[in-house]
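J.: This is the structure I want to talk about, given as structure tokens.
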There are 2 protein chains.
Amino acid sequence: MKATIISVGNELLMGKTVNTNLTFIAKGLRTLGIEISKAMCSTDEEESIQGALKETNDELIILTGGLGPTPDDMTKEVVCRYYDLELVLHESSLEAIKETFARANKPMNDSNLKQAYFPKEAIVLKNENGTAPGAIIAKDDKTIVLLPGPPSELRPMLNTVLNYLESRLDIKVYQEGYLVVGIGESAMQERLGDFYDRHPSVNIAPYAGLGEIQYIFTSHDKEGLESALDAFKKQFDDVIVGPYYTPLEERVVELLMMKNQTISFAESCTAGLLAGRLVNVADVSKVFKEAYVLYSNESKIKQLGVNQLIMDKFGAVSDQCVYELAYQLAQRTDSDLTVSISGIAGPSGGTVMKPVGTVYFGVHYDGLTKTYHQVFSGNRQMVRDKAVTYALGLIYDTLTGKHEDKY
Amino acid sequence: MKATIISVGNELLMGKTVNTNLTFIAKGLRTLGIEISKAMCSTDEEESIQGALKETNDELIILTGGLGPTPDDMTKEVVCRYYDLELVLHESSLEAIKETFARANKPMNDSNLKQAYFPKEAIVLKNENGTAPGAIIAKDDKTIVLLPGPPSELRPMLNTVLNYLESRLDIKVYQEGYLVVGIGESAMQERLGDFYDRHPSVNIAPYAGLGEIQYIFTSHDKEGLESALDAFKKQFDDVIVGPYYTPLEERVVELLMMKNQTISFAESCTAGLLAGRLVNVADVSKVFKEAYVLYSNESKIKQLGVNQLIMDKFGAVSDQCVYELAYQLAQRTDSDLTVSISGIAGPSGGTVMKPVGTVYFGVHYDGLTKTYHQVFSGNRQMVRDKAVTYALGLIYDTLTGKHEDKY
């Protein structure tokens, strides 16, 4: 099966939005062995969308964007005119939209009404994060899929689309993989050597984030996949933190819950981002005690009692300071594990000895306080995000006892 | 002038690479008022590139990718066959490629030779960061631009292309706009009414983020643009927080610095994300004092002395609790402005009276403590991100004295 992706939206052609949806959908389709023959961006105008539809003969056509409530959102209407499909009111979608507005205690606009209309042959896809539902429409030998433009709305829907396609295609594809933390992409590349060649029946794709890499293994060959997974696990046990689909913060919370232990943070340059990320996990309240954002030297001294002498002699970005912060935090909060972070996120503040990107970490656990440091590349926000991921990796390693050989 | 962008590369259609080049080029063309009518991704195959060329009648055609030394890089060759252009050796390009290899102390491959061939009518664009030069080719009424795929090689070349186009076009385009906070996209749509129609010479495009919307105005007509900007400012003064290109956290830090005032936060459901976002601004240390992440009820009581009775009677997600948090925080930190946030981010914890997405805000400023609340839609992370933007909007309004009429 071949597919065409049509991304609708002026913002894509005006340079406002990067089309990450195409990449996300392409990755998903690849797991089913579906090849994208062509990808196009069209404007919001009827002519442009129609023009794109004319240019494809593929069996599968996925359109993204243009499902919103405003008059210039008309992907669904154009598709229905083009394929001669009649729009009818879809009651449960109307209810869902009404509910969303009721919950927000806001009046529903008439313009939202049109979001509840679909061709009667459509499978309507519920939107968990917005008002625009998506749809799968089977028409003659073609499958047409409509998805909303915002990635947070599109992504949760794609699974349903893939399941639908899988059942139609009658193929079985297996996918597994690992999340790797604490090592760069090119260092991993080197350690991998000819790993890919040794597992020819498996597609292995790395997806690098800020401070972490997902390795996703996909194959029709179940045994080949399992042997590749085993080999990877053996070779990279020191940097694997779990399955690729489990965010690192979730792994950390899981471990703490298993051990019935608590955690607290003292953050300087990351200023709350570590706590903010841990709290992504809904169950976090059972293990997360407190976090202090200690951006100024004054607050480090006042709130956690760091000695002024340490500040004067070694500075806030030092082993000594993060040691004190982690240790004092443990005393004050009575948490099982405490983490402190202090660094130079830039753009200014760097020195020859401590360049921009230098970040110190203190970890107190099981009666011991240890310190670590790392120099991260990138701009201010990237340094801070990488430091947060690194800290989560440190916590993971500390809880699993893995950190001894790694640092 | 209208343009077509053709991005060549299997990696784009396989979900390996996000097409950031399109966005980068589109932004550049917009400054010249050149509209992209169509964007396509093709595979590396001749048929696919040719197919894309057939589908455009635009005056300007920009192709990216496929200029490398390997046999599957053949964008230049396909374009020359399609437009009947003869390839000849370009001496200075050959020298440049030789030099690159000499500098890296590596032998030059024969395959690199083909990168030095161009149609004789081409303006060759030097590649500062790789071996593949780009080219501008004027052929009859068309301008064809070839650029290498890697962003680090493409980006430095685009300026030369824009300068060439500007001198050919002899036009000037103006762009301005506003950042709007504290109102949803569809509510704005309704308030806008026929605003767009009343300013026909101006292109007005809204770009919605989580809790904020950028309105970008673009026009050749300078007076028309200014009158549209004035009218927008008059009508939406209550929700405008600044020019579209200044992030809200930067506006807030600017205002605090101007007033020589300080700020502190007490965060429950956002758990550090508000502090984390303010610290995006490099100069923040002059105005940011402290932040407490008070996720548990226990920590709210222990760290900021919220009365146990308030917790028991009204709960942590209440006017009374955020009032106490903001007030106590002001007393303890001696900050000019304090903000507290407590809410139900979900997925569980909602009630009929306080559904998931309900967030309370306390703001203490100038001797007064006020409270606000809002119900945000979306998943846990979206609710938390929207709450952070909303809080920044509240801070902005408080500092500018705008909040009285709005809430």
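We name chains A, B, ... following the order of the structure tokens; residues begin at 1 in each chain, and ligands are numbered from 1 as shown.
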Can I get the residues of stretch 1-106 of chain A within 10 Å of stretch 174-192 of chain B, each with the closest pair of atoms and their distance in Å to one decimal, using only C-alpha atoms, sorted chain first then ascending number, as JSON lines?

T.:
```
{"residue": "A:Gly68", "atom": "CA", "partner": "B:Ser186", "partner_atom": "CA", "distance": 9.3}
{"residue": "A:Pro69", "atom": "CA", "partner": "B:Ser186", "partner_atom": "CA", "distance": 7.4}
{"residue": "A:Thr70", "atom": "CA", "partner": "B:Ser186", "partner_atom": "CA", "distance": 7.4}
{"residue": "A:Pro71", "atom": "CA", "partner": "B:Gln189", "partner_atom": "CA", "distance": 9.8}
{"residue": "A:Lys106", "atom": "CA", "partner": "B:Ala187", "partner_atom": "CA", "distance": 9.8}
```

J.: Using only C-alpha atoms, find each residue of stretch 156-208 of chain A with at least one atom at most 9 Å away from an atom of stretch 5-24 of chain B; report its shortest atom-to-atom pair and that distance in Å (one decimal), sort the rows by chain and rising residue number, and return the result as CSV.

T.:
```
residue,atom,partner,partner_atom,distance
A:Ala205,CA,B:Lys16,CA,8.1
A:Pro206,CA,B:Lys16,CA,8.9
A:Tyr207,CA,B:Lys16,CA,8.3
```

J.: How would the residues just chosen look if you wrote them out with N, CA and C atoms as a PDB file, in the first residue's frame?

T.:
```pdb
ATOM      1  N   ALA A 205      15.697   2.315  14.446  1.00  0.00           N
ATOM      2  CA  ALA A 205      15.732   3.759  14.210  1.00  0.00           C
ATOM      3  C   ALA A 205      15.960   4.512  15.509  1.00  0.00           C
ATOM      4  N   PRO A 206      17.025   5.341  15.562  1.00  0.00           N
ATOM      5  CA  PRO A 206      17.236   6.147  16.753  1.00  0.00           C
ATOM      6  C   PRO A 206      16.523   7.496  16.628  1.00  0.00           C
ATOM      7  N   TYR A 207      15.892   7.926  17.707  1.00  0.00           N
ATOM      8  CA  TYR A 207      15.258   9.240  17.747  1.00  0.00           C
ATOM      9  C   TYR A 207      15.829   9.991  18.929  1.00  0.00           C
TER      10      TYR A 207
END
```

J.: Using only C-alpha atoms, which residue out of B:Asp44, B:Asp237, B:Asp141, B:Glu121 lies closest to chain A?

T.: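 Selected residue with least distance to chain A: B:Asp44.
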
J.: Quick one: residues within 12 Å of B:Thr64, only C-alpha atoms, excluding same-chain residues fewer than 3 positions away - as a ChimeraX atom specification?

T.: /B:4-9,12,19-22,24-25,39-44,49,61,67-68,73-76,79,132-135,144-151,153-155,157-158

J.: Output the selection as a compact mmCIF listing (two decimals), in the first residue's frame - C-alpha atoms for each residue.

T.:
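The result, written out as result_21.txt:
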```txt
# COMPACT_ATOMS: atom_id res chain seq x y z
CA THR B 4 7.08 26.17 -5.26
CA ILE B 5 9.39 24.39 -2.86
CA ILE B 6 10.42 20.83 -3.68
CA SER B 7 12.25 19.02 -0.90
CA VAL B 8 14.09 16.00 -2.26
CA GLY B 9 15.06 13.11 -0.01
CA LEU B 12 11.78 13.09 4.59
CA ASN B 19 11.70 19.28 7.05
CA THR B 20 12.92 22.43 8.79
CA ASN B 21 14.31 23.75 5.49
CA LEU B 22 10.80 24.49 4.21
CA PHE B 24 13.36 28.44 7.00
CA ILE B 25 12.95 29.22 3.29
CA ALA B 39 5.40 22.60 -1.15
CA MET B 40 6.19 19.00 -2.03
CA CYS B 41 8.49 16.28 -0.78
CA SER B 42 9.79 13.88 -3.38
CA THR B 43 11.90 10.76 -3.07
CA ASP B 44 15.45 10.72 -4.46
CA ILE B 49 11.54 14.70 -8.80
CA ILE B 61 11.07 26.95 -8.02
CA LEU B 67 23.25 17.67 -4.42
CA GLY B 68 25.68 15.31 -2.69
CA ASP B 73 22.00 12.44 -5.38
CA MET B 74 20.66 13.65 -8.69
CA THR B 75 18.48 16.70 -8.22
CA LYS B 76 20.78 18.89 -10.36
CA VAL B 79 16.51 19.56 -13.25
CA ALA B 132 27.92 20.68 -2.50
CA PRO B 133 27.57 24.18 -4.01
CA GLY B 134 24.09 25.56 -4.68
CA ALA B 135 22.90 27.46 -7.74
CA ILE B 144 15.25 27.76 -10.42
CA VAL B 145 17.22 27.58 -7.19
CA LEU B 146 19.15 24.50 -6.06
CA LEU B 147 20.17 24.25 -2.40
CA PRO B 148 21.86 21.42 -0.45
CA GLY B 149 19.76 19.45 2.06
CA PRO B 150 21.70 19.79 5.32
CA PRO B 151 20.34 22.89 7.13
CA GLU B 153 24.82 24.15 4.47
CA LEU B 154 21.55 25.56 3.14
CA ARG B 155 20.99 28.38 5.62
CA MET B 157 23.20 30.35 1.15
CA LEU B 158 19.63 31.61 1.47
```

J.: Matching each Cα of chain B to the same-order Cα of chain A and superposing by least squares, what RMSD do you find?

T.: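 With all C-alpha atoms paired in order, the RMSD is 5.5 Å.
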
J.: Could you go through stretch 316-366 of chain B and tell me which residues DSSP, when run on the backbone, assigns to alpha helix (DSSP H), listing them as a PyMOL selection string?

T.: chain B and resi 319-333

J.: For chain A, which of B:Glu45, B:Glu223, B:Glu290, B:Asp110 is the closest residue, counting only C-alpha atoms?

T.: B:Glu290

J.: Could you work out how far atom CA of A:Gly193 lies from atom CA of A:Gly33, giving the answer in Å with one decimal?

T.: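 These two atoms are separated by 26.0 Å.
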
J.: Rank nothing, just name the residue among A:Asn57, A:Ser227, A:Thr160, A:Ser264 nearest to chain B, using only C-alpha atoms.

T.: A:Ser264

J.: Pick out the closest residue to chain B from this set: A:Gly209, A:Pro119, A:Gly65, A:Gly51. Count only C-alpha atoms.

T.: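 Ranked by minimum distance to chain B, first place goes to A:Gly51.
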
J.: What is the atom CA of A:Ser93 to atom CA of A:Asn129 distance in Å?

T.: 13.5 Å

J.: Can you pull out the residues contacting stretch 239-255 of chain A? Cut-off 10 Å, using only C-alpha atoms, and skip same-chain residues under 4 positions away; I want them as an MDAnalysis selection string.

T.: chainID A and resid 176:183 188 207 212:217 232:235 259:263 274:275 277:288 389 392:397 399:400 402:403 406

J.: Output C-alpha atoms for every residue in the selection just made, as a short mmCIF file (atom, residue, chain, number, x, y, z; two decimals), in the first residue's frame.

T.:
```
data_model
loop_
_atom_site.label_atom_id
_atom_site.label_comp_id
_atom_site.auth_asym_id
_atom_site.auth_seq_id
_atom_site.Cartn_x
_atom_site.Cartn_y
_atom_site.Cartn_z
CA GLU A 176 9.81 -2.70 20.66
CA GLY A 177 12.78 -0.70 21.82
CA TYR A 178 14.70 1.06 24.52
CA LEU A 179 15.21 4.48 26.04
CA VAL A 180 18.89 5.34 26.45
CA VAL A 181 20.20 8.14 28.69
CA GLY A 182 23.59 9.56 29.61
CA ILE A 183 25.36 9.11 26.26
CA MET A 188 26.28 5.52 20.64
CA TYR A 207 15.26 9.24 17.75
CA GLU A 212 17.98 10.98 25.69
CA ILE A 213 17.67 8.68 22.66
CA GLN A 214 14.88 6.26 21.79
CA TYR A 215 15.92 3.18 19.80
CA ILE A 216 12.87 1.76 18.10
CA PHE A 217 13.09 -1.75 16.60
CA PHE A 232 21.10 -4.58 22.35
CA LYS A 233 20.15 -5.09 25.98
CA LYS A 234 23.36 -7.03 26.63
CA GLN A 235 25.61 -4.48 24.93
CA LYS A 259 10.82 1.12 47.05
CA ASN A 260 8.29 3.22 48.96
CA GLN A 261 10.78 6.10 49.01
CA THR A 262 10.45 9.88 48.65
CA ILE A 263 12.34 12.52 46.69
CA LEU A 274 13.09 19.08 37.11
CA ALA A 275 10.19 19.20 39.56
CA ARG A 277 8.92 17.31 34.65
CA LEU A 278 8.55 14.78 37.47
CA VAL A 279 5.05 16.12 38.09
CA ASN A 280 4.14 15.09 34.51
CA VAL A 281 3.53 11.72 36.18
CA ALA A 282 0.03 11.76 37.63
CA ASP A 283 0.85 9.46 40.57
CA VAL A 284 3.81 11.52 41.69
CA SER A 285 2.26 12.77 44.94
CA LYS A 286 3.02 9.47 46.65
CA VAL A 287 6.77 9.96 46.26
CA PHE A 288 7.46 13.66 45.63
CA THR A 389 17.19 14.70 31.68
CA LEU A 392 16.62 12.04 35.96
CA GLY A 393 19.23 9.61 34.60
CA LEU A 394 21.31 10.09 37.76
CA ILE A 395 18.27 9.39 39.92
CA TYR A 396 17.51 6.26 37.90
CA ASP A 397 21.10 5.03 38.21
CA LEU A 399 17.98 3.92 42.61
CA THR A 400 19.04 0.91 40.55
CA LYS A 402 23.90 1.25 38.27
CA HIS A 403 25.85 4.46 38.71
CA LYS A 406 29.23 4.61 34.72
#
```

J.: When you look at stretch 161-170 of chain A with a cut-off of 8 Å (counting only C-alpha atoms), what residues show up, excluding the ones that are within fewer than 6 positions of it in the same chain? I need them as a compact mmCIF listing (two decimals) with C-alpha atoms, in the first residue's frame.

T.:
```txt
# COMPACT_ATOMS: atom_id res chain seq x y z
CA GLY A 28 3.87 5.18 12.15
CA LEU A 29 3.14 4.05 8.60
CA LEU A 32 3.10 -1.28 8.85
CA ILE A 136 -11.36 7.46 8.68
CA VAL A 145 -7.99 9.86 6.85
```

J.: Would you mind listing what lies within 10 Å of stretch 311-323 of chain A as a short mmCIF file (atom, residue, chain, number, x, y, z; two decimals) with C-alpha atoms, in the first residue's frame, with only C-alpha atoms counted and same-chain residues fewer than 2 positions away left out?

T.:
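Output (around_18.cif):
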```cif
data_model
loop_
_atom_site.label_atom_id
_atom_site.label_comp_id
_atom_site.auth_asym_id
_atom_site.auth_seq_id
_atom_site.Cartn_x
_atom_site.Cartn_y
_atom_site.Cartn_z
CA ALA A 266 16.91 21.98 45.08
CA GLU A 267 17.18 23.63 41.66
CA SER A 268 19.21 26.63 40.65
CA CYS A 269 19.77 26.95 36.87
CA TYR A 295 18.11 30.83 41.80
CA SER A 296 20.02 33.46 43.75
CA ASN A 297 22.98 32.84 46.08
CA GLU A 298 21.02 34.60 48.78
CA LYS A 300 20.60 29.14 48.70
CA ILE A 301 21.96 30.49 51.95
CA VAL A 306 24.46 26.76 52.54
CA ASN A 307 27.51 28.24 54.24
CA GLN A 308 28.47 31.71 52.98
CA LEU A 309 32.11 30.56 53.04
CA LEU A 325 22.43 21.68 48.88
CA ALA A 326 21.70 17.96 48.51
CA TYR A 327 22.83 17.19 52.05
CA GLN A 328 20.93 20.04 53.72
CA LEU A 329 17.84 19.26 51.68
CA VAL A 339 18.99 16.07 44.15
CA SER A 340 20.55 19.51 43.73
CA ILE A 341 21.42 21.25 40.44
CA SER A 342 23.54 24.35 39.92
CA GLY A 343 25.06 25.44 36.62
CA ILE A 344 25.78 28.08 34.02
CA LYS A 354 33.62 26.53 33.88
CA THR A 358 28.69 23.47 32.93
CA VAL A 359 26.22 21.97 35.38
CA TYR A 360 26.90 20.39 38.80
CA PHE A 361 24.64 17.79 40.39
CA GLY A 362 24.46 16.62 44.00
CA VAL A 363 22.70 13.39 44.95
CA HIS A 364 22.08 12.30 48.55
CA THR A 369 26.17 12.45 49.22
CA LYS A 370 27.83 12.31 45.79
CA THR A 371 28.48 14.99 43.21
CA TYR A 372 28.73 14.91 39.42
CA HIS A 373 29.25 17.46 36.70
#
```

J.: Between atom CA of A:Leu85 and atom CA of A:Ala122, measure the distance and give it in Å to one decimal.

T.: 9.8 Å

J.: Identify, on the basis of only C-alpha atoms, every residue whose closest approach to B:Thr100 does not exceed 12 Å; exclude the query and any residue fewer than 4 positions from it along the same chain; express the result as a list in words.

T.: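 Here the qualifying residues turn out to be Ser93, Leu94, Glu95, Ala96, Ala104, Asn105, Lys106, Pro107, Met108, Asn109, Asn112, Lys126, Asn127, Glu128, Asn129, Gly130, Thr131 and Ala132 of chain B.
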
J.: Mind writing the picked residues with N, CA and C atoms as a short mmCIF file (atom, residue, chain, number, x, y, z; two decimals), in the first residue's frame?

T.:
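Output (out18.cif):
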```cif
data_model
loop_
_atom_site.label_atom_id
_atom_site.label_comp_id
_atom_site.auth_asym_id
_atom_site.auth_seq_id
_atom_site.Cartn_x
_atom_site.Cartn_y
_atom_site.Cartn_z
N SER B 93 34.41 26.17 -8.54
CA SER B 93 33.79 25.18 -7.64
C SER B 93 34.70 23.98 -7.47
N LEU B 94 35.33 23.57 -8.58
CA LEU B 94 36.24 22.43 -8.49
C LEU B 94 37.40 22.75 -7.53
N GLU B 95 37.94 23.97 -7.67
CA GLU B 95 39.02 24.41 -6.78
C GLU B 95 38.57 24.36 -5.32
N ALA B 96 37.36 24.88 -5.07
CA ALA B 96 36.85 24.94 -3.69
C ALA B 96 36.70 23.55 -3.10
N ALA B 104 41.06 19.03 5.03
CA ALA B 104 40.72 17.90 5.92
C ALA B 104 41.74 16.78 5.81
N ASN B 105 42.73 17.00 4.92
CA ASN B 105 43.79 16.01 4.73
C ASN B 105 43.25 14.65 4.29
N LYS B 106 42.27 14.70 3.39
CA LYS B 106 41.66 13.48 2.88
C LYS B 106 41.75 13.47 1.37
N PRO B 107 41.86 12.28 0.75
CA PRO B 107 41.88 12.25 -0.71
C PRO B 107 40.50 12.58 -1.28
N MET B 108 40.47 13.34 -2.38
CA MET B 108 39.18 13.69 -3.00
C MET B 108 38.68 12.51 -3.82
N ASN B 109 37.39 12.19 -3.69
CA ASN B 109 36.81 11.09 -4.47
C ASN B 109 36.40 11.59 -5.85
N ASN B 112 33.08 13.24 -6.15
CA ASN B 112 32.88 14.65 -5.81
C ASN B 112 33.00 15.55 -7.05
N LYS B 126 28.46 29.38 -3.22
CA LYS B 126 29.52 28.69 -2.49
C LYS B 126 28.97 28.03 -1.21
N ASN B 127 29.43 26.84 -0.92
CA ASN B 127 29.00 26.13 0.29
C ASN B 127 30.09 26.27 1.36
N GLU B 128 29.80 27.01 2.42
CA GLU B 128 30.80 27.25 3.46
C GLU B 128 30.97 26.03 4.37
N ASN B 129 29.96 25.19 4.42
CA ASN B 129 29.96 24.10 5.40
C ASN B 129 29.87 22.71 4.81
N GLY B 130 30.21 22.58 3.52
CA GLY B 130 30.14 21.26 2.90
C GLY B 130 30.69 21.33 1.50
N THR B 131 30.60 20.21 0.76
CA THR B 131 31.20 20.20 -0.58
C THR B 131 30.22 20.53 -1.70
N ALA B 132 28.89 20.49 -1.42
CA ALA B 132 27.92 20.68 -2.50
C ALA B 132 27.57 22.15 -2.69
#
```

J.: Which is closest to B:Leu368 among B:Ile310, B:Ile36, B:Met353, B:Ala330, if we use only C-alpha atoms?

T.: B:Ala330
